[in-house]
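Data from coords21.csv: CSV, C-alpha atoms (C1' of nucleotides)
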```csv
chain,number,residue,atom,x,y,z
S,346,MET,CA,0.0,0.0,0.0
S,347,PRO,CA,2.7,2.6,0.6
S,348,GLU,CA,3.9,5.4,-1.6
S,349,LEU,CA,5.3,8.6,-0.1
S,350,PRO,CA,2.0,10.0,1.3
S,351,GLU,CA,1.1,6.7,3.0
S,352,VAL,CA,4.6,6.3,4.5
S,353,GLU,CA,4.5,9.9,5.7
S,354,THR,CA,1.0,9.4,7.2
S,355,ILE,CA,2.2,6.3,8.9
S,356,ARG,CA,5.2,8.2,10.3
S,357,ARG,CA,2.9,10.9,11.7
S,358,GLY,CA,0.6,8.3,13.2
S,359,LEU,CA,3.4,6.3,14.8
S,360,ALA,CA,5.4,9.2,16.2
S,361,PRO,CA,3.3,9.9,19.3
S,362,HIS,CA,3.5,6.2,20.3
S,363,LEU,CA,7.1,5.6,19.5
S,364,GLU,CA,9.1,8.8,20.1
S,365,GLY,CA,10.9,8.8,23.5
S,366,ARG,CA,10.0,5.2,24.2
S,367,ARG,CA,12.5,2.5,25.1
S,368,ILE,CA,12.5,-0.8,23.3
S,369,ALA,CA,11.9,-3.5,25.8
S,370,HIS,CA,11.8,-6.6,23.7
S,371,VAL,CA,12.0,-7.7,20.0
S,372,THR,CA,10.6,-10.9,18.5
S,373,LEU,CA,11.4,-12.0,15.0
S,374,ASN,CA,9.2,-14.8,13.7
S,375,ARG,CA,11.3,-15.7,10.7
S,376,PRO,CA,14.9,-15.1,9.6
S,377,ASP,CA,14.1,-12.8,6.7
S,378,LEU,CA,11.7,-10.8,4.7
S,379,ARG,CA,12.8,-9.7,1.2
S,380,LEU,CA,16.3,-9.4,2.8
S,381,PRO,CA,17.6,-11.2,5.9
S,382,PHE,CA,17.0,-9.3,9.1
S,383,PRO,CA,20.2,-7.5,10.2
S,384,THR,CA,22.5,-9.5,12.3
S,385,ARG,CA,21.7,-9.6,16.0
S,386,LEU,CA,18.8,-7.2,15.3
S,387,ALA,CA,16.9,-8.0,18.5
S,388,GLU,CA,20.0,-7.5,20.8
S,389,ARG,CA,20.9,-4.2,19.0
S,390,LEU,CA,17.4,-2.8,19.4
S,391,GLU,CA,16.6,-4.0,23.0
S,392,GLY,CA,17.2,-1.2,25.5
S,393,ALA,CA,17.5,1.5,22.9
S,394,ARG,CA,15.5,4.7,23.2
S,395,ILE,CA,13.6,5.9,20.1
S,396,GLY,CA,14.2,9.5,18.8
S,397,ILE,CA,12.3,11.6,16.3
S,398,LEU,CA,10.9,9.5,13.4
S,399,GLY,CA,11.9,10.5,9.9
S,400,ARG,CA,11.2,9.5,6.3
S,401,ARG,CA,13.2,9.3,3.1
S,402,ALA,CA,11.2,8.5,0.0
S,403,LYS,CA,9.2,5.4,1.0
S,404,TYR,CA,11.5,4.5,3.8
S,405,LEU,CA,10.6,5.0,7.4
S,406,LEU,CA,13.5,6.1,9.6
S,407,VAL,CA,13.6,5.2,13.3
S,408,PRO,CA,16.7,6.7,15.0
S,409,LEU,CA,17.9,5.3,18.2
S,410,ASP,CA,20.1,6.6,21.1
S,411,THR,CA,22.6,3.8,20.2
S,412,HIS,CA,23.5,6.0,17.2
S,413,GLU,CA,22.0,3.4,14.9
S,414,THR,CA,18.8,3.9,12.8
S,415,LEU,CA,16.2,1.3,12.1
S,416,VAL,CA,15.0,1.6,8.5
S,417,ILE,CA,11.7,0.1,7.5
S,418,HIS,CA,10.5,-0.4,4.0
S,419,LEU,CA,6.9,-1.7,3.6
S,420,GLY,CA,7.2,-3.1,0.1
S,421,MET,CA,3.8,-3.8,-1.4
S,422,SER,CA,1.9,-5.3,1.4
S,423,GLY,CA,3.7,-4.2,4.6
S,424,ARG,CA,1.7,-2.8,7.5
S,425,LEU,CA,2.8,-1.3,10.8
S,426,LEU,CA,0.4,-1.6,13.7
S,427,VAL,CA,0.6,-0.3,17.2
S,428,LEU,CA,-1.4,-2.4,19.7
S,429,ARG,CA,-2.1,-2.1,23.3
S,430,PRO,CA,-1.3,-5.5,24.9
S,431,GLU,CA,-4.7,-6.4,26.4
S,432,SER,CA,-7.0,-3.8,24.7
S,433,ALA,CA,-10.4,-4.4,23.3
S,434,GLU,CA,-8.9,-3.6,19.9
S,435,ALA,CA,-6.4,-6.5,20.4
S,436,GLN,CA,-9.2,-8.8,21.4
S,437,GLY,CA,-11.2,-7.7,18.4
S,438,ARG,CA,-8.2,-8.2,16.2
S,439,PHE,CA,-8.0,-11.8,17.4
S,440,HIS,CA,-11.6,-12.7,17.2
S,441,HIS,CA,-12.5,-11.3,13.9
S,442,LYS,CA,-11.2,-12.3,10.5
S,443,ILE,CA,-8.1,-10.1,11.0
S,444,GLU,CA,-6.7,-12.9,13.1
S,445,ARG,CA,-5.2,-14.1,9.9
S,446,LEU,CA,-2.9,-11.1,10.0
S,447,GLU,CA,-1.0,-12.7,12.8
S,448,GLN,CA,0.2,-15.3,10.4
S,449,HIS,CA,2.4,-12.6,8.8
S,450,ASP,CA,3.5,-10.7,11.9
S,451,HIS,CA,7.2,-11.0,11.2
S,452,MET,CA,8.6,-8.5,13.7
S,453,VAL,CA,7.1,-7.5,17.0
S,454,ILE,CA,8.7,-4.6,19.0
S,455,ALA,CA,7.5,-4.4,22.6
S,456,LEU,CA,7.9,-0.9,24.1
S,457,ASP,CA,8.5,0.0,27.7
S,458,ASP,CA,4.9,1.2,28.1
S,459,GLY,CA,3.5,-2.1,27.0
S,460,MET,CA,2.5,-1.1,23.5
S,461,ARG,CA,3.7,-3.3,20.7
S,462,LEU,CA,4.7,-2.2,17.2
S,463,ILE,CA,4.0,-5.0,14.7
S,464,PHE,CA,5.4,-5.3,11.2
S,465,ASN,CA,3.0,-7.5,9.2
S,466,ASP,CA,3.7,-8.3,5.6
S,467,PRO,CA,2.0,-11.1,3.7
S,468,ARG,CA,4.1,-10.8,0.5
S,469,ARG,CA,7.3,-10.2,2.3
S,470,PHE,CA,8.5,-7.6,-0.2
S,471,GLY,CA,9.3,-5.3,2.7
S,472,PHE,CA,12.6,-5.2,4.5
S,473,VAL,CA,14.4,-3.8,7.6
S,474,LEU,CA,17.8,-2.3,7.9
S,475,LEU,CA,19.8,-1.3,11.0
S,476,GLU,CA,22.7,1.0,10.2
S,477,PRO,CA,24.9,3.5,12.0
S,478,ASP,CA,23.3,7.0,11.7
S,479,ALA,CA,26.3,8.3,9.8
S,480,THR,CA,26.1,5.7,7.0
S,481,ILE,CA,22.4,5.6,6.4
S,482,GLU,CA,22.5,7.8,3.3
S,483,THR,CA,25.2,5.7,1.7
S,484,HIS,CA,23.5,2.4,2.2
S,485,PRO,CA,22.9,0.8,-1.3
S,486,SER,CA,19.1,1.0,-0.8
S,487,LEU,CA,19.1,4.7,-0.2
S,488,ALA,CA,22.2,6.0,-1.9
S,489,GLY,CA,20.7,6.3,-5.4
S,490,LEU,CA,17.5,8.0,-4.4
S,491,GLY,CA,16.6,11.3,-6.2
S,492,VAL,CA,15.1,14.4,-4.7
S,493,GLU,CA,12.0,14.5,-2.4
S,494,PRO,CA,9.1,15.6,-4.6
S,495,LEU,CA,7.8,17.9,-1.8
S,496,GLY,CA,11.2,19.3,-1.1
S,497,ASN,CA,12.9,22.5,-2.3
S,498,LEU,CA,15.2,20.8,-4.7
S,499,PHE,CA,12.4,19.5,-6.9
S,500,ASP,CA,11.4,21.9,-9.6
S,501,ALA,CA,11.0,22.0,-13.4
S,502,ALA,CA,14.7,22.7,-14.0
S,503,TYR,CA,15.6,19.6,-12.0
S,504,LEU,CA,13.1,17.5,-14.0
S,505,LEU,CA,14.3,18.8,-17.3
S,506,ALA,CA,17.9,18.1,-16.4
S,507,ARG,CA,17.2,14.6,-15.2
S,508,PHE,CA,15.1,13.8,-18.3
S,509,ALA,CA,17.6,15.1,-20.8
S,510,GLY,CA,18.6,12.4,-23.2
S,511,ARG,CA,16.1,9.8,-21.7
S,512,ARG,CA,14.1,8.1,-24.3
S,513,THR,CA,12.1,6.1,-21.8
S,514,PRO,CA,8.4,6.8,-21.5
S,515,LEU,CA,7.5,9.6,-19.1
S,516,LYS,CA,5.6,7.1,-17.0
S,517,SER,CA,8.7,5.0,-16.4
S,518,ALA,CA,10.9,8.1,-15.8
S,519,LEU,CA,8.5,9.3,-13.1
S,520,LEU,CA,8.6,5.9,-11.4
S,521,ASP,CA,12.3,5.8,-11.4
S,522,GLN,CA,13.3,6.5,-7.8
S,523,SER,CA,16.7,7.9,-8.8
S,524,HIS,CA,14.9,10.9,-10.3
S,525,ILE,CA,12.1,11.5,-7.9
S,526,ALA,CA,12.1,9.5,-4.7
S,527,GLY,CA,8.7,8.4,-3.3
S,528,LEU,CA,6.3,8.3,-6.2
S,529,GLY,CA,4.7,5.0,-7.0
S,530,ASN,CA,2.4,3.6,-9.6
S,531,ILE,CA,-0.8,5.2,-8.4
S,532,TYR,CA,0.4,8.8,-7.9
S,533,VAL,CA,2.4,8.7,-11.1
S,534,CYS,CA,-0.8,7.9,-13.0
S,535,GLU,CA,-2.7,10.6,-11.1
S,536,ALA,CA,-0.1,13.3,-11.6
S,537,LEU,CA,0.2,12.6,-15.3
S,538,HIS,CA,-3.6,13.0,-15.7
S,539,ARG,CA,-3.6,16.2,-13.6
S,540,ALA,CA,-0.8,17.6,-15.8
S,541,GLY,CA,-2.5,16.5,-19.0
S,542,LEU,CA,0.6,14.6,-20.2
S,543,SER,CA,0.7,11.3,-21.9
S,544,PRO,CA,2.6,8.5,-20.1
S,545,ASP,CA,4.0,7.5,-23.5
S,546,ARG,CA,5.8,10.8,-24.1
S,547,SER,CA,9.5,10.3,-24.3
S,548,ALA,CA,10.9,11.9,-21.1
S,549,MET,CA,13.4,13.9,-23.1
S,550,LEU,CA,10.7,15.6,-25.1
S,551,VAL,CA,8.9,17.2,-22.1
S,552,LYS,CA,8.9,20.9,-22.7
S,553,PRO,CA,9.7,23.5,-20.0
S,554,ARG,CA,6.1,24.6,-19.6
S,555,GLU,CA,5.0,21.0,-19.4
S,556,ALA,CA,7.6,20.3,-16.8
S,557,GLU,CA,6.2,23.2,-14.7
S,558,ARG,CA,2.7,21.7,-14.9
S,559,LEU,CA,4.1,18.3,-14.0
S,560,VAL,CA,5.9,19.6,-10.9
S,561,VAL,CA,2.7,21.3,-9.7
S,562,ALA,CA,0.6,18.2,-10.4
S,563,ILE,CA,3.0,16.0,-8.5
S,564,ARG,CA,3.0,18.3,-5.5
S,565,ASP,CA,-0.7,18.7,-5.6
S,566,VAL,CA,-1.5,15.0,-5.8
S,567,LEU,CA,0.9,14.2,-3.0
S,568,ASN,CA,-0.4,17.0,-0.8
S,569,ASP,CA,-4.0,16.0,-1.4
S,570,ALA,CA,-3.2,12.4,-0.4
S,571,LEU,CA,-1.4,13.7,2.7
S,572,ALA,CA,-4.4,15.7,3.6
S,573,ALA,CA,-6.7,12.7,3.1
S,574,GLY,CA,-4.4,10.6,5.2
S,575,GLY,CA,-4.2,13.2,7.9
S,576,SER,CA,-8.0,13.5,8.1
S,577,SER,CA,-8.4,9.7,8.4
S,578,LEU,CA,-5.7,9.6,11.0
S,579,LYS,CA,-8.0,11.4,13.5
S,580,ASP,CA,-10.4,8.5,13.4
S,581,TYR,CA,-7.9,6.0,14.6
S,582,ARG,CA,-8.0,5.3,18.3
S,583,HIS,CA,-5.4,2.6,18.5
S,584,GLU,CA,-2.8,3.9,16.1
S,585,ASP,CA,-2.6,1.9,13.0
S,586,GLY,CA,-0.2,2.5,10.2
S,587,SER,CA,-2.3,0.6,7.8
S,588,LEU,CA,-4.4,3.5,6.6
S,589,GLY,CA,-4.4,2.6,3.0
S,590,TYR,CA,-5.0,4.8,0.0
S,591,PHE,CA,-7.7,7.4,0.0
S,592,GLN,CA,-9.7,5.5,-2.6
S,593,HIS,CA,-12.1,8.1,-3.7
S,594,SER,CA,-9.5,10.6,-4.6
S,595,PHE,CA,-8.2,8.6,-7.5
S,596,ARG,CA,-9.2,10.1,-10.8
S,597,VAL,CA,-7.8,7.5,-13.2
S,598,TYR,CA,-6.0,4.8,-11.2
S,599,ASP,CA,-7.9,1.5,-11.5
S,600,ARG,CA,-10.7,3.2,-13.4
S,601,GLU,CA,-10.3,1.5,-16.7
S,602,GLY,CA,-13.4,2.0,-18.9
S,603,GLN,CA,-14.8,4.8,-16.8
S,604,PRO,CA,-15.4,8.3,-18.1
S,605,CYS,CA,-12.4,10.7,-17.9
S,606,PRO,CA,-13.0,13.0,-14.9
S,607,LYS,CA,-11.7,16.1,-16.6
S,608,THR,CA,-14.5,18.6,-17.2
S,609,GLY,CA,-15.5,18.7,-20.8
S,610,CYS,CA,-13.6,15.6,-21.8
S,611,LYS,CA,-15.8,12.9,-23.2
S,612,SER,CA,-13.3,10.2,-23.5
S,613,MET,CA,-12.7,7.1,-21.3
S,614,VAL,CA,-9.9,6.0,-19.1
S,615,ILE,CA,-7.8,3.2,-20.6
S,616,ARG,CA,-5.1,0.9,-19.3
S,617,LYS,CA,-1.8,-0.2,-20.8
S,618,THR,CA,1.4,-1.4,-19.3
S,619,HIS,CA,4.8,0.3,-19.1
S,620,ALA,CA,7.7,-1.8,-17.9
S,621,GLY,CA,5.3,-4.4,-16.6
S,622,ARG,CA,3.2,-2.0,-14.5
S,623,SER,CA,-0.4,-0.9,-15.3
S,624,THR,CA,-0.8,2.7,-16.4
S,625,PHE,CA,-4.3,4.3,-16.4
S,626,PHE,CA,-4.8,7.4,-18.4
S,627,CYS,CA,-7.1,9.3,-20.7
S,628,PRO,CA,-5.9,9.1,-24.4
S,629,ALA,CA,-7.8,12.2,-25.3
S,630,CYS,CA,-6.8,14.9,-22.8
S,631,GLN,CA,-3.3,13.6,-21.9
S,632,GLY,CA,-1.2,14.6,-24.9
G,696,DA,C1',24.8,2.4,-20.5
G,697,DG,C1',20.1,2.8,-20.6
G,698,DG,C1',16.0,0.6,-20.6
G,699,DA,C1',12.9,-3.4,-20.5
G,700,DT,C1',11.9,-7.8,-18.4
G,701,DA,C1',11.8,-11.5,-14.8
G,702,DC,C1',11.3,-12.4,-10.3
G,703,DC,C1',10.7,-12.4,-5.1
G,704,DC,C1',5.7,-13.8,-2.3
G,705,DT,C1',0.8,-14.2,-0.8
G,706,DG,C1',-3.9,-13.0,-1.3
G,707,DA,C1',-8.0,-11.4,-3.7
G,708,DC,C1',-10.8,-11.9,-7.4
G,709,DC,C1',-13.0,-13.7,-11.6
G,710,DG,C1',-14.7,-17.1,-14.8
G,711,DC,C1',-15.5,-21.8,-15.3
X,1198,DT,C1',-16.8,-25.2,-3.4
X,1199,DG,C1',-12.8,-25.6,-6.0
X,1200,DC,C1',-9.5,-24.7,-9.3
X,1201,DG,C1',-6.7,-22.1,-12.5
X,1202,DG,C1',-5.4,-17.8,-14.3
X,1203,DT,C1',-4.6,-12.9,-13.4
X,1204,DC,C1',-3.4,-9.1,-11.0
X,1205,DA,C1',-1.6,-6.2,-7.1
X,1206,DG,C1',0.5,0.1,-4.4
X,1207,DG,C1',8.1,-2.1,-4.9
X,1208,DG,C1',12.8,-3.0,-5.6
X,1209,DT,C1',16.5,-5.4,-7.7
X,1210,DA,C1',19.1,-8.7,-10.6
X,1211,DT,C1',19.8,-9.8,-15.1
X,1212,DC,C1',19.3,-9.6,-19.7
X,1213,DC,C1',19.5,-7.0,-24.3
```
Give the structure from the file, written as structure tokens.
Amino acid sequence: MPELPEVETIRRGLAPHLEGRRIAHVTLNRPDLRLPFPTRLAERLEGARIGILGRRAKYLLVPLDTHETLVIHLGMSGRLLVLRPESAEAQGRFHHKIERLEQHDHMVIALDDGMRLIFNDPRRFGFVLLEPDATIETHPSLAGLGVEPLGNLFDAAYLLARFAGRRTPLKSALLDQSHIAGLGNIYVCEALHRAGLSPDRSAMLVKPREAERLVVAIRDVLNDALAAGGSSLKDYRHEDGSLGYFQHSFRVYDREGQPCPKTGCKSMVIRKTHAGRSTFFCPACQG
DNA sequence: AGGATACCCTGACCGC
DNA sequence: TGCGGTCAGGGTATCC
């Protein structure tokens, strides 16, 4: 489920429960996810106090007073839950269909106030790193990441420079984390529609004025998603990172065959694949 | 070297 | 109800 807005929403949701807490106990229920768990992960975490949560692209950063940072990537199906040990919520979780989730609770971090942070991931495309603070940015997984799309370094000039000479379709270029870090398949589709640009355009052929539109569209779609996540956060009593996407805000994603939502456009959303991933777009108003 | 493809894994869904 | 095929929001290894 997680692209940048979802990971950021999870970060905000987890922060009040984790920051300042000490890790009491760590349970690993298998040796690996997509990657092996770091060596001696439990011992290195236990006793550590958690600092201010951060985020880089789709990575959640959990700094510790041991001068190491726990890095969590949720992959496609990863979820983070915070549960009270004996709460009604926990009981409900067990007695309802969600009990199946426990089957994929791969890492459980018990805090000094009794709360438990649970990393659940059915597909196990997620992974966990534990690295010294000083070398986080140079870790192979993070070293090649491009700019944050909501940061000051992201603008039309940057996009044009990165796209120069790239024949790849615009859709693929936007998904490339080495250009813009944090966009995923959904928000790329949404941003292209908002900008009125075809996913099939060669990246190198995007004009300056179009790049401006694209930057605005990307920022807007991410900020809208963050606002939606933020509003749904308020409704959570036991904090739960698994907020999901704000379904109703999608204009083209997963809407194959439905009318293009752009005012005055009478065409239909179609689907095609780029580099193995589905792209949803309007062939009429995305040129 | 850049760009497309295969693959990791489980679950949901659809048509038969 | 079951079975097979398809698809899924990500990242990386490996090919051309």
Checklist line | Exercise answer, chain S residues close to chain X, 10 Å and all atoms listed in the file, as a VMD selection string | finding: chain S and resid 346 to 348 351 379 403 418 to 422 470 to 471 486 522 529 to 532 589 to 590 622 to 623
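Excluding stretch 696-701 of chain G itself and same-chain residues fewer than 4 positions from it, the residues having an atom within 8 Å of it are S:Thr513, S:Ala620, S:Gly621, X:DC1212, counting all atoms listed in the file.
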Filtering to C-alpha atoms (C1' of nucleotides), could you give me those residues as an mmCIF file, in the coordinates of the input?
```cif
data_model
loop_
_atom_site.group_PDB
_atom_site.id
_atom_site.type_symbol
_atom_site.label_atom_id
_atom_site.label_comp_id
_atom_site.auth_asym_id
_atom_site.auth_seq_id
_atom_site.Cartn_x
_atom_site.Cartn_y
_atom_site.Cartn_z
ATOM 1 C CA THR S 513 12.100 6.100 -21.800
ATOM 2 C CA ALA S 620 7.700 -1.800 -17.900
ATOM 3 C CA GLY S 621 5.300 -4.400 -16.600
ATOM 4 C "C1'" DC X 1212 19.300 -9.600 -19.700
#
```
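If you look at atom CA of S:Leu415 and atom CA of S:Leu390, they are 8.5 Å away from each other.
The space separating atom CA of S:Arg616 from atom CA of S:Ala573 comes to 25.4 Å.
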Notebook entry, point to check: What gap, in Å, lies between atom CA of S:Leu405 and atom C1' of G:DC704?
Noted result: 21.7 Å
Using all atoms listed in the file, find each residue in chain G having at least one atom no more than 10 Å away from stretch 450-469 of chain S; report its shortest atom-to-atom pair and that distance in Å (one decimal), rows by chain then rising number, as a Markdown table.
```
| residue | atom | partner | partner_atom | distance |
| --- | --- | --- | --- | --- |
| G:DC703 | C1' | S:Arg469 | CA | 8.4 |
| G:DC704 | C1' | S:Arg468 | CA | 4.4 |
| G:DT705 | C1' | S:Arg468 | CA | 4.9 |
| G:DG706 | C1' | S:Pro467 | CA | 8.0 |
```
Next item on the list: Do a neighbour search on S:Thr624 at 12 Å with all atoms listed in the file, toss out local chain neighbours closer than 3 positions, and write the hits as a ChimeraX atom specification.
Entry: /S:514-517,519-520,529-538,543-545,597-601,614-621,627-628
